[in-house]
Amino acid sequence: MDRRRAPLAGAKHIELHGRLVEGAALDRPAIETVLQIAGGSVQGLHPLLAAPFDADVRTMLSGV
């Protein structure tokens, strides 16, 4: 019996960047993050996610 399983998610290219935002107050620092996915797919959650997709997600975390 073969116990290998297919991966849940995959992508041709993934990048995650983070940096402290310049000018943020020292007592309330802010972090900006950027996630870029090219040719990504997620299996088993929803048919739309199973087809290859590209994504560019930007977030700002403040007061951490």
# chains A, B, ... in the order shown; residues from 1 in each chain; ligands from 1

call {"tool": "residues_around", "arguments": {"residues": "Arg28 in chain A", "least_positions_apart": "5", "cutoff": "8 Å", "atoms": "only C-alpha atoms", "output": "list in words"}}
result
Ser62, Gly63 and Val64 of chain A

call {"tool": "residues_around", "arguments": {"residues": "Gly44 in chain A", "least_positions_apart": "5", "cutoff": "9 Å", "atoms": "only C-alpha atoms", "output": "PyMOL selection string"}}
result
chain A and resi 8+49-50

call {"tool": "select_by_dssp", "arguments": {"residues": "range 22-62 of chain A", "states": "helix (DSSP H, G or I)", "output": "MDAnalysis selection string"}}
result
chainID A and resid 47:50

call {"tool": "write_last_selection", "arguments": {"atoms": "N, CA, C and O atoms", "output": "PDB file, in the first residue's frame"}}
result
ATOM      1  N   PRO A  47     -13.070  24.571  -5.295  1.00  0.00           N
ATOM      2  CA  PRO A  47     -12.647  24.399  -6.696  1.00  0.00           C
ATOM      3  C   PRO A  47     -11.932  25.626  -7.279  1.00  0.00           C
ATOM      4  O   PRO A  47     -11.027  25.480  -8.099  1.00  0.00           O
ATOM      5  N   LEU A  48     -12.301  26.840  -6.871  1.00  0.00           N
ATOM      6  CA  LEU A  48     -11.625  28.030  -7.381  1.00  0.00           C
ATOM      7  C   LEU A  48     -10.157  28.084  -6.970  1.00  0.00           C
ATOM      8  O   LEU A  48      -9.323  28.611  -7.690  1.00  0.00           O
ATOM      9  N   LEU A  49      -9.844  27.551  -5.789  1.00  0.00           N
ATOM     10  CA  LEU A  49      -8.458  27.565  -5.313  1.00  0.00           C
ATOM     11  C   LEU A  49      -7.617  26.452  -5.921  1.00  0.00           C
ATOM     12  O   LEU A  49      -6.394  26.493  -5.861  1.00  0.00           O
ATOM     13  N   ALA A  50      -8.266  25.444  -6.507  1.00  0.00           N
ATOM     14  CA  ALA A  50      -7.538  24.330  -7.111  1.00  0.00           C
ATOM     15  C   ALA A  50      -6.889  24.743  -8.432  1.00  0.00           C
ATOM     16  O   ALA A  50      -5.851  24.203  -8.812  1.00  0.00           O
TER      17      ALA A  50
END

call {"tool": "atom_distance", "arguments": {"atom1": "CA of Leu45 in chain A", "atom2": "CA of Lys12 in chain A"}}
result
19.3 Å

call {"tool": "atom_distance", "arguments": {"atom1": "CA of Leu20 in chain A", "atom2": "CA of Ser41 in chain A"}}
result
29.8 Å

call {"tool": "atom_distance", "arguments": {"atom1": "CA of Glu32 in chain A", "atom2": "CA of Phe53 in chain A"}}
result
23.1 Å

call {"tool": "residues_around", "arguments": {"residues": "Asp56 in chain A", "least_positions_apart": "4", "cutoff": "12 Å", "atoms": "only C-alpha atoms", "output": "list in words"}}
result
His13, Ile14, Glu15, Leu16, His17, Thr33, Val34, Leu35, Gln36, Ile37, Ala38, Gly39 and Gly40 of chain A

call {"tool": "write_last_selection", "arguments": {"atoms": "C-alpha atoms", "output": "mmCIF file, in the first residue's frame"}}
result
data_model
loop_
_atom_site.group_PDB
_atom_site.id
_atom_site.type_symbol
_atom_site.label_atom_id
_atom_site.label_comp_id
_atom_site.auth_asym_id
_atom_site.auth_seq_id
_atom_site.Cartn_x
_atom_site.Cartn_y
_atom_site.Cartn_z
ATOM 1 C CA HIS A 13 6.992 31.118 -6.874
ATOM 2 C CA ILE A 14 6.313 32.592 -3.418
ATOM 3 C CA GLU A 15 7.856 35.682 -1.793
ATOM 4 C CA LEU A 16 7.232 37.116 1.662
ATOM 5 C CA HIS A 17 8.776 40.442 2.651
ATOM 6 C CA THR A 33 4.310 42.797 4.924
ATOM 7 C CA VAL A 34 3.924 41.784 1.285
ATOM 8 C CA LEU A 35 3.083 38.241 0.150
ATOM 9 C CA GLN A 36 3.328 37.452 -3.566
ATOM 10 C CA ILE A 37 2.211 34.107 -5.013
ATOM 11 C CA ALA A 38 2.619 33.120 -8.672
ATOM 12 C CA GLY A 39 0.936 29.987 -9.999
ATOM 13 C CA GLY A 40 -0.379 28.954 -6.585
#

call {"tool": "select_by_dssp", "arguments": {"residues": "chain A", "states": "strand (DSSP E)", "output": "ChimeraX atom specification"}}
result
/A:9-10,13-20,30-42,53-62

call {"tool": "closest_residue", "arguments": {"among": "A:Val57, A:Val21, A:Ala30, A:Val42", "to": "Ala6 in chain A", "atoms": "only C-alpha atoms"}}
result
A:Val42
